$ cat input-v4.tsv   # TSV, N, CA and C atoms and all ligand atoms
chain	number	residue	atom	x	y	z
A	1	MET	N	-11.25	8.46	17.09
A	1	MET	CA	-11.18	9.21	15.85
A	1	MET	C	-12.58	9.35	15.24
A	2	ILE	N	-12.88	10.54	14.77
A	2	ILE	CA	-14.19	10.78	14.15
A	2	ILE	C	-14.05	10.74	12.64
A	3	PHE	N	-14.92	9.97	11.99
A	3	PHE	CA	-14.91	9.88	10.53
A	3	PHE	C	-16.11	10.64	9.96
A	4	LEU	N	-15.90	11.24	8.79
A	4	LEU	CA	-16.98	11.96	8.12
A	4	LEU	C	-17.83	11.04	7.27
A	5	GLY	N	-17.22	10.00	6.75
A	5	GLY	CA	-17.94	9.11	5.86
A	5	GLY	C	-17.14	7.86	5.56
A	6	GLN	N	-17.67	7.11	4.61
A	6	GLN	CA	-17.08	5.81	4.31
A	6	GLN	C	-17.26	5.49	2.83
A	7	VAL	N	-16.25	4.87	2.25
A	7	VAL	CA	-16.32	4.37	0.88
A	7	VAL	C	-16.21	2.86	0.94
A	8	LYS	N	-17.12	2.18	0.25
A	8	LYS	CA	-17.05	0.72	0.17
A	8	LYS	C	-16.92	0.33	-1.29
A	9	LEU	N	-16.15	-0.72	-1.53
A	9	LEU	CA	-15.87	-1.12	-2.91
A	9	LEU	C	-15.67	-2.63	-2.95
A	10	LEU	N	-16.31	-3.28	-3.92
A	10	LEU	CA	-16.07	-4.71	-4.08
A	10	LEU	C	-14.67	-4.89	-4.66
A	11	LYS	N	-13.93	-5.82	-4.10
A	11	LYS	CA	-12.56	-6.06	-4.57
A	11	LYS	C	-12.54	-6.39	-6.06
A	12	ASP	N	-13.52	-7.16	-6.52
A	12	ASP	CA	-13.56	-7.57	-7.93
A	12	ASP	C	-13.74	-6.40	-8.89
A	13	SER	N	-14.19	-5.26	-8.39
A	13	SER	CA	-14.48	-4.14	-9.28
A	13	SER	C	-13.23	-3.32	-9.63
A	14	LEU	N	-12.11	-3.66	-9.01
A	14	LEU	CA	-10.88	-2.90	-9.26
A	14	LEU	C	-9.73	-3.89	-9.48
A	15	ARG	N	-9.35	-4.04	-10.73
A	15	ARG	CA	-8.25	-4.97	-11.04
A	15	ARG	C	-6.90	-4.38	-10.66
A	16	ASP	N	-5.93	-5.24	-10.49
A	16	ASP	CA	-4.60	-4.77	-10.13
A	16	ASP	C	-4.10	-3.80	-11.20
A	17	GLY	N	-3.65	-2.64	-10.78
A	17	GLY	CA	-3.19	-1.60	-11.70
A	17	GLY	C	-4.23	-0.53	-11.97
A	18	GLU	N	-5.46	-0.75	-11.49
A	18	GLU	CA	-6.52	0.23	-11.71
A	18	GLU	C	-6.69	1.15	-10.50
A	19	LYS	N	-7.28	2.33	-10.77
A	19	LYS	CA	-7.59	3.29	-9.72
A	19	LYS	C	-9.04	3.74	-9.91
A	20	LYS	N	-9.65	4.17	-8.82
A	20	LYS	CA	-11.00	4.71	-8.91
A	20	LYS	C	-11.10	5.93	-7.99
A	21	ARG	N	-11.59	7.03	-8.55
A	21	ARG	CA	-11.72	8.27	-7.78
A	21	ARG	C	-13.13	8.36	-7.19
A	22	PHE	N	-13.22	8.84	-5.96
A	22	PHE	CA	-14.49	9.06	-5.29
A	22	PHE	C	-14.57	10.53	-4.90
A	23	GLU	N	-15.44	11.26	-5.59
A	23	GLU	CA	-15.63	12.69	-5.30
A	23	GLU	C	-16.89	12.85	-4.48
A	24	MET	N	-16.74	13.12	-3.20
A	24	MET	CA	-17.88	13.38	-2.34
A	24	MET	C	-17.90	14.88	-2.04
A	25	THR	N	-18.95	15.35	-1.41
A	25	THR	CA	-19.01	16.78	-1.09
A	25	THR	C	-17.96	17.15	-0.05
A	26	ASP	N	-17.65	16.21	0.84
A	26	ASP	CA	-16.73	16.53	1.93
A	26	ASP	C	-15.34	15.90	1.77
A	27	GLU	N	-15.11	15.15	0.71
A	27	GLU	CA	-13.81	14.52	0.52
A	27	GLU	C	-13.66	14.09	-0.93
A	28	ASP	N	-12.42	14.03	-1.36
A	28	ASP	CA	-12.10	13.59	-2.72
A	28	ASP	C	-10.91	12.64	-2.58
A	29	LEU	N	-11.18	11.35	-2.72
A	29	LEU	CA	-10.10	10.37	-2.52
A	29	LEU	C	-10.09	9.36	-3.66
A	30	THR	N	-8.96	8.72	-3.79
A	30	THR	CA	-8.76	7.72	-4.85
A	30	THR	C	-8.34	6.41	-4.21
A	31	VAL	N	-8.91	5.33	-4.70
A	31	VAL	CA	-8.52	3.99	-4.25
A	31	VAL	C	-7.75	3.34	-5.40
A	32	ALA	N	-6.60	2.78	-5.10
A	32	ALA	CA	-5.78	2.09	-6.10
A	32	ALA	C	-5.56	0.65	-5.68
A	33	HIS	N	-5.57	-0.22	-6.68
A	33	HIS	CA	-5.21	-1.63	-6.46
A	33	HIS	C	-3.87	-1.81	-7.16
A	34	TRP	N	-2.87	-2.14	-6.36
A	34	TRP	CA	-1.53	-2.15	-6.93
A	34	TRP	C	-0.67	-3.19	-6.23
A	35	GLU	N	-0.06	-4.03	-7.00
A	35	GLU	CA	0.82	-5.09	-6.49
A	35	GLU	C	0.12	-5.93	-5.43
A	36	GLY	N	-1.19	-6.20	-5.68
A	36	GLY	CA	-1.95	-7.07	-4.80
A	36	GLY	C	-2.50	-6.41	-3.55
A	37	LYS	N	-2.26	-5.12	-3.39
A	37	LYS	CA	-2.75	-4.42	-2.21
A	37	LYS	C	-3.65	-3.25	-2.63
A	38	TYR	N	-4.46	-2.79	-1.69
A	38	TYR	CA	-5.33	-1.65	-1.93
A	38	TYR	C	-4.83	-0.45	-1.13
A	39	PHE	N	-4.86	0.72	-1.78
A	39	PHE	CA	-4.40	1.95	-1.14
A	39	PHE	C	-5.46	3.03	-1.36
A	40	ALA	N	-5.54	3.97	-0.42
A	40	ALA	CA	-6.44	5.11	-0.58
A	40	ALA	C	-5.68	6.38	-0.23
A	41	TYR	N	-5.87	7.41	-1.05
A	41	TYR	CA	-5.11	8.65	-0.87
A	41	TYR	C	-5.91	9.81	-1.44
A	42	GLU	N	-5.54	11.03	-1.01
A	42	GLU	CA	-6.25	12.21	-1.51
A	42	GLU	C	-6.05	12.32	-3.02
A	43	SER	N	-7.08	12.80	-3.71
A	43	SER	CA	-7.05	12.84	-5.17
A	43	SER	C	-6.25	14.00	-5.73
A	44	LYS	N	-6.06	15.05	-4.91
A	44	LYS	CA	-5.32	16.23	-5.37
A	44	LYS	C	-3.97	16.27	-4.66
A	45	CYS	N	-2.95	16.50	-5.45
A	45	CYS	CA	-1.58	16.47	-4.94
A	45	CYS	C	-1.35	17.56	-3.89
A	46	PRO	N	-0.63	17.22	-2.82
A	46	PRO	CA	-0.36	18.22	-1.79
A	46	PRO	C	0.63	19.29	-2.24
A	47	HIS	N	1.27	19.08	-3.39
A	47	HIS	CA	2.23	20.08	-3.88
A	47	HIS	C	1.51	21.32	-4.42
A	48	ARG	N	0.82	21.17	-5.53
A	48	ARG	CA	0.10	22.30	-6.13
A	48	ARG	C	-1.28	21.87	-6.61
A	49	LYS	N	-1.84	20.91	-5.89
A	49	LYS	CA	-3.20	20.41	-6.17
A	49	LYS	C	-3.33	19.77	-7.55
A	50	GLY	N	-2.24	19.22	-8.06
A	50	GLY	CA	-2.28	18.52	-9.34
A	50	GLY	C	-3.12	17.25	-9.24
A	51	PRO	N	-3.48	16.69	-10.40
A	51	PRO	CA	-4.40	15.53	-10.45
A	51	PRO	C	-3.69	14.21	-10.14
A	52	ILE	N	-3.31	14.02	-8.90
A	52	ILE	CA	-2.56	12.81	-8.57
A	52	ILE	C	-3.45	11.57	-8.66
A	53	PHE	N	-4.76	11.75	-8.74
A	53	PHE	CA	-5.64	10.59	-8.99
A	53	PHE	C	-5.33	9.98	-10.36
A	54	MET	N	-4.72	10.76	-11.24
A	54	MET	CA	-4.32	10.25	-12.56
A	54	MET	C	-2.85	9.83	-12.57
A	55	GLY	N	-2.22	9.84	-11.40
A	55	GLY	CA	-0.79	9.57	-11.31
A	55	GLY	C	-0.41	8.17	-11.77
A	56	ARG	N	0.88	8.01	-11.98
A	56	ARG	CA	1.41	6.72	-12.44
A	56	ARG	C	1.83	5.88	-11.24
A	57	LEU	N	1.25	4.69	-11.13
A	57	LEU	CA	1.63	3.76	-10.08
A	57	LEU	C	2.98	3.16	-10.42
A	58	LYS	N	3.82	3.03	-9.37
A	58	LYS	CA	5.17	2.52	-9.61
A	58	LYS	C	5.50	1.40	-8.63
A	59	PRO	N	6.43	0.54	-9.03
A	59	PRO	CA	6.84	-0.56	-8.13
A	59	PRO	C	7.26	-0.01	-6.76
A	60	GLY	N	6.96	-0.81	-5.74
A	60	GLY	CA	7.31	-0.40	-4.39
A	60	GLY	C	6.22	0.45	-3.76
A	61	ALA	N	5.00	0.35	-4.29
A	61	ALA	CA	3.84	1.06	-3.73
A	61	ALA	C	4.06	2.57	-3.72
A	62	CYS	N	4.34	3.11	-4.90
A	62	CYS	CA	4.54	4.55	-5.05
A	62	CYS	C	3.63	5.08	-6.15
A	63	ILE	N	3.43	6.39	-6.13
A	63	ILE	CA	2.70	7.05	-7.20
A	63	ILE	C	3.39	8.37	-7.54
A	64	THR	N	3.46	8.67	-8.84
A	64	THR	CA	4.08	9.90	-9.30
A	64	THR	C	3.01	10.83	-9.85
A	65	CYS	N	3.00	12.04	-9.33
A	65	CYS	CA	2.03	13.04	-9.78
A	65	CYS	C	2.37	13.47	-11.21
A	66	PRO	N	1.37	13.56	-12.09
A	66	PRO	CA	1.64	13.94	-13.48
A	66	PRO	C	2.05	15.40	-13.65
A	67	SER	N	1.79	16.24	-12.66
A	67	SER	CA	2.08	17.67	-12.85
A	67	SER	C	3.56	18.00	-12.79
A	68	HIS	N	4.23	17.64	-11.70
A	68	HIS	CA	5.65	18.01	-11.56
A	68	HIS	C	6.50	16.82	-11.15
A	69	LYS	N	5.91	15.64	-11.24
A	69	LYS	CA	6.64	14.37	-11.10
A	69	LYS	C	7.19	14.08	-9.70
A	70	ILE	N	6.59	14.65	-8.68
A	70	ILE	CA	6.96	14.25	-7.32
A	70	ILE	C	6.36	12.86	-7.09
A	71	THR	N	7.17	11.96	-6.50
A	71	THR	CA	6.72	10.59	-6.22
A	71	THR	C	6.50	10.44	-4.72
A	72	PHE	N	5.34	9.87	-4.38
A	72	PHE	CA	4.95	9.67	-2.99
A	72	PHE	C	4.78	8.18	-2.70
A	73	SER	N	5.04	7.81	-1.45
A	73	SER	CA	4.76	6.45	-1.00
A	73	SER	C	3.26	6.31	-0.77
A	74	LEU	N	2.68	5.23	-1.28
A	74	LEU	CA	1.26	4.97	-1.02
A	74	LEU	C	1.06	4.33	0.36
A	75	GLU	N	2.13	3.87	0.96
A	75	GLU	CA	2.04	3.27	2.31
A	75	GLU	C	2.02	4.36	3.38
A	76	THR	N	2.88	5.38	3.21
A	76	THR	CA	3.05	6.38	4.27
A	76	THR	C	2.69	7.80	3.83
A	77	GLY	N	2.62	8.04	2.53
A	77	GLY	CA	2.39	9.38	2.01
A	77	GLY	C	3.65	10.22	1.90
A	78	GLU	N	4.78	9.69	2.35
A	78	GLU	CA	6.02	10.44	2.32
A	78	GLU	C	6.52	10.65	0.89
A	79	ILE	N	7.28	11.71	0.71
A	79	ILE	CA	7.89	11.98	-0.59
A	79	ILE	C	9.08	11.05	-0.78
A	80	ILE	N	9.06	10.29	-1.87
A	80	ILE	CA	10.13	9.35	-2.18
A	80	ILE	C	11.15	10.02	-3.10
A	81	HIS	N	10.64	10.83	-4.03
A	81	HIS	CA	11.52	11.51	-4.98
A	81	HIS	C	10.88	12.84	-5.38
A	82	ASN	N	11.69	13.91	-5.29
A	82	ASN	CA	11.22	15.23	-5.70
A	82	ASN	C	12.22	15.79	-6.71
A	83	PRO	N	11.84	15.83	-7.99
A	83	PRO	CA	12.77	16.27	-9.02
A	83	PRO	C	12.90	17.79	-9.12
A	84	ILE	N	12.11	18.53	-8.35
A	84	ILE	CA	12.17	19.99	-8.42
A	84	ILE	C	13.41	20.44	-7.64
A	85	PRO	N	14.31	21.23	-8.24
A	85	PRO	CA	15.56	21.60	-7.57
A	85	PRO	C	15.33	22.37	-6.28
A	86	ASP	N	16.24	22.14	-5.30
A	86	ASP	CA	16.19	22.88	-4.03
A	86	ASP	C	16.23	24.38	-4.27
A	87	SER	N	16.92	24.79	-5.33
A	87	SER	CA	17.08	26.22	-5.61
A	87	SER	C	15.72	26.89	-5.89
A	88	MET	N	14.74	26.09	-6.26
A	88	MET	CA	13.39	26.63	-6.47
A	88	MET	C	12.61	26.42	-5.18
A	89	LYS	N	13.11	26.99	-4.10
A	89	LYS	CA	12.65	26.69	-2.75
A	89	LYS	C	11.12	26.65	-2.60
A	90	ASP	N	10.47	27.74	-2.90
A	90	ASP	CA	9.01	27.78	-2.71
A	90	ASP	C	8.31	26.73	-3.56
A	91	TYR	N	8.85	26.52	-4.74
A	91	TYR	CA	8.21	25.59	-5.66
A	91	TYR	C	8.57	24.15	-5.31
A	92	HIS	N	9.74	23.96	-4.71
A	92	HIS	CA	10.22	22.63	-4.35
A	92	HIS	C	9.38	22.01	-3.24
A	93	ASP	N	9.04	22.82	-2.24
A	93	ASP	CA	8.43	22.29	-1.03
A	93	ASP	C	7.04	21.71	-1.27
A	94	SER	N	6.78	20.61	-0.57
A	94	SER	CA	5.47	19.97	-0.64
A	94	SER	C	5.21	19.24	0.66
A	95	ASP	N	3.98	19.20	1.06
A	95	ASP	CA	3.59	18.33	2.17
A	95	ASP	C	3.55	16.89	1.67
A	96	ASN	N	3.42	15.97	2.61
A	96	ASN	CA	3.22	14.57	2.25
A	96	ASN	C	1.81	14.36	1.71
A	97	LEU	N	1.65	13.28	0.98
A	97	LEU	CA	0.33	12.89	0.46
A	97	LEU	C	-0.50	12.33	1.62
A	98	ARG	N	-1.75	12.76	1.70
A	98	ARG	CA	-2.63	12.25	2.76
A	98	ARG	C	-3.11	10.84	2.38
A	99	ILE	N	-2.93	9.93	3.31
A	99	ILE	CA	-3.25	8.52	3.10
A	99	ILE	C	-4.41	8.14	4.02
A	100	PHE	N	-5.28	7.29	3.51
A	100	PHE	CA	-6.41	6.78	4.31
A	100	PHE	C	-6.20	5.29	4.56
A	101	THR	N	-6.62	4.85	5.72
A	101	THR	CA	-6.51	3.42	6.05
A	101	THR	C	-7.55	2.63	5.27
A	102	VAL	N	-7.11	1.54	4.67
A	102	VAL	CA	-8.00	0.65	3.92
A	102	VAL	C	-8.22	-0.62	4.73
A	103	LEU	N	-9.48	-0.91	5.00
A	103	LEU	CA	-9.84	-2.14	5.72
A	103	LEU	C	-10.32	-3.15	4.70
A	104	GLU	N	-9.79	-4.35	4.78
A	104	GLU	CA	-10.16	-5.41	3.81
A	104	GLU	C	-10.88	-6.54	4.50
A	105	ASN	N	-11.94	-7.03	3.87
A	105	ASN	CA	-12.47	-8.33	4.26
A	105	ASN	C	-12.46	-9.21	3.03
A	106	LYS	N	-13.16	-10.30	3.05
A	106	LYS	CA	-13.05	-11.28	1.97
A	106	LYS	C	-13.33	-10.70	0.57
A	107	ASP	N	-14.46	-9.99	0.44
A	107	ASP	CA	-14.88	-9.52	-0.88
A	107	ASP	C	-14.84	-8.01	-1.06
A	108	GLU	N	-14.62	-7.29	0.00
A	108	GLU	CA	-14.87	-5.86	-0.03
A	108	GLU	C	-13.77	-5.10	0.69
A	109	ILE	N	-13.58	-3.86	0.27
A	109	ILE	CA	-12.70	-2.97	1.04
A	109	ILE	C	-13.52	-1.77	1.54
A	110	THR	N	-13.07	-1.23	2.65
A	110	THR	CA	-13.74	-0.07	3.25
A	110	THR	C	-12.69	0.98	3.56
A	111	VAL	N	-12.99	2.22	3.22
A	111	VAL	CA	-12.12	3.34	3.56
A	111	VAL	C	-12.93	4.32	4.39
A	112	ASN	N	-12.50	4.57	5.60
A	112	ASN	CA	-13.13	5.60	6.43
A	112	ASN	C	-12.39	6.91	6.23
A	113	TYR	N	-13.15	7.98	6.09
A	113	TYR	CA	-12.49	9.28	5.93
A	113	TYR	C	-13.13	10.31	6.85
B	1	LIG	S1	1.13	19.30	-8.28
B	1	LIG	FE1	1.80	17.27	-7.95
B	1	LIG	S2	3.92	17.37	-8.16
B	1	LIG	FE2	3.28	19.41	-8.36

$ encode --input "input-v4.tsv" --output "structure tokens"
Amino acid sequence: MIFLGQVKLLKDSLRDGEKKRFEMTDEDLTVAHWEGKYFAYESKCPHRKGPIFMGRLKPGACITCPSHKITFSLETGEIIHNPIPDSMKDYHDSDNLRIFTVLENKDEITVNY
């Protein structure tokens, strides 16, 4: 696998429940510390490019986009809950959230993208 770049972050710099956005020229990703684990995901929602970096973290390693309230798994990127009715077909559909692998060592996390 070819990576374009890397984000490194000291574990101490992100408390549980906090998120940090990284806007690079070639990628825009967010790292979240939640329920003792670190997650990395694209900052813009795959539904309509809403600001999912500002999303609400939820129990069970999920995040809800503030725009239309679709909830995604931070583990897999899959849609956990989509409140938009099926009858609004074009508006209902969304891809999964893109997830990045987080590598942890003692003091630091690394995300390759
Ligand atoms: S833009 Fe995120 S749910 Fe619609």

$ residues_near_ligand --input "input-v4.tsv" --ligand "ligand LIG 1 (chain B)" --cutoff "6.5 Å" --atoms "all atoms listed in the file" --output "list in words"
Cys45, Pro46, His47, Arg48, Lys49, Gly50, Pro51, Ile52, Cys65, Pro66, Ser67, His68, Lys69 and Ile70 of chain A

$ atom_distance --input "input-v4.tsv" --atom1 "atom N of Val111 in chain A" --atom2 "atom C of Gly5 in chain A"
7.4 Å

$ atom_distance --input "input-v4.tsv" --atom1 "atom C of Pro59 in chain A" --atom2 "atom N of Ala40 in chain A"
14.8 Å

$ closest_residue --input "input-v4.tsv" --among "A:Lys58, A:Arg98, A:His81, A:Arg15" --to "Gly36 in chain A" --atoms "only C-alpha atoms"
A:Arg15

$ residues_around --input "input-v4.tsv" --residues "Trp34 in chain A" --least-positions-apart "6" --cutoff "7 Å" --atoms "all atoms listed in the file" --output "mmCIF file with N, CA and C atoms, keeping the file's coordinate frame"
data_model
loop_
_atom_site.group_PDB
_atom_site.id
_atom_site.type_symbol
_atom_site.label_atom_id
_atom_site.label_comp_id
_atom_site.auth_asym_id
_atom_site.auth_seq_id
_atom_site.Cartn_x
_atom_site.Cartn_y
_atom_site.Cartn_z
ATOM 1 N N ARG A 15 -9.350 -4.040 -10.730
ATOM 2 C CA ARG A 15 -8.250 -4.970 -11.040
ATOM 3 C C ARG A 15 -6.900 -4.380 -10.660
ATOM 4 N N ASP A 16 -5.930 -5.240 -10.490
ATOM 5 C CA ASP A 16 -4.600 -4.770 -10.130
ATOM 6 C C ASP A 16 -4.100 -3.800 -11.200
ATOM 7 N N GLY A 17 -3.650 -2.640 -10.780
ATOM 8 C CA GLY A 17 -3.190 -1.600 -11.700
ATOM 9 C C GLY A 17 -4.230 -0.530 -11.970
ATOM 10 N N GLU A 18 -5.460 -0.750 -11.490
ATOM 11 C CA GLU A 18 -6.520 0.230 -11.710
ATOM 12 C C GLU A 18 -6.690 1.150 -10.500
ATOM 13 N N ALA A 61 5.000 0.350 -4.290
ATOM 14 C CA ALA A 61 3.840 1.060 -3.730
ATOM 15 C C ALA A 61 4.060 2.570 -3.720
#
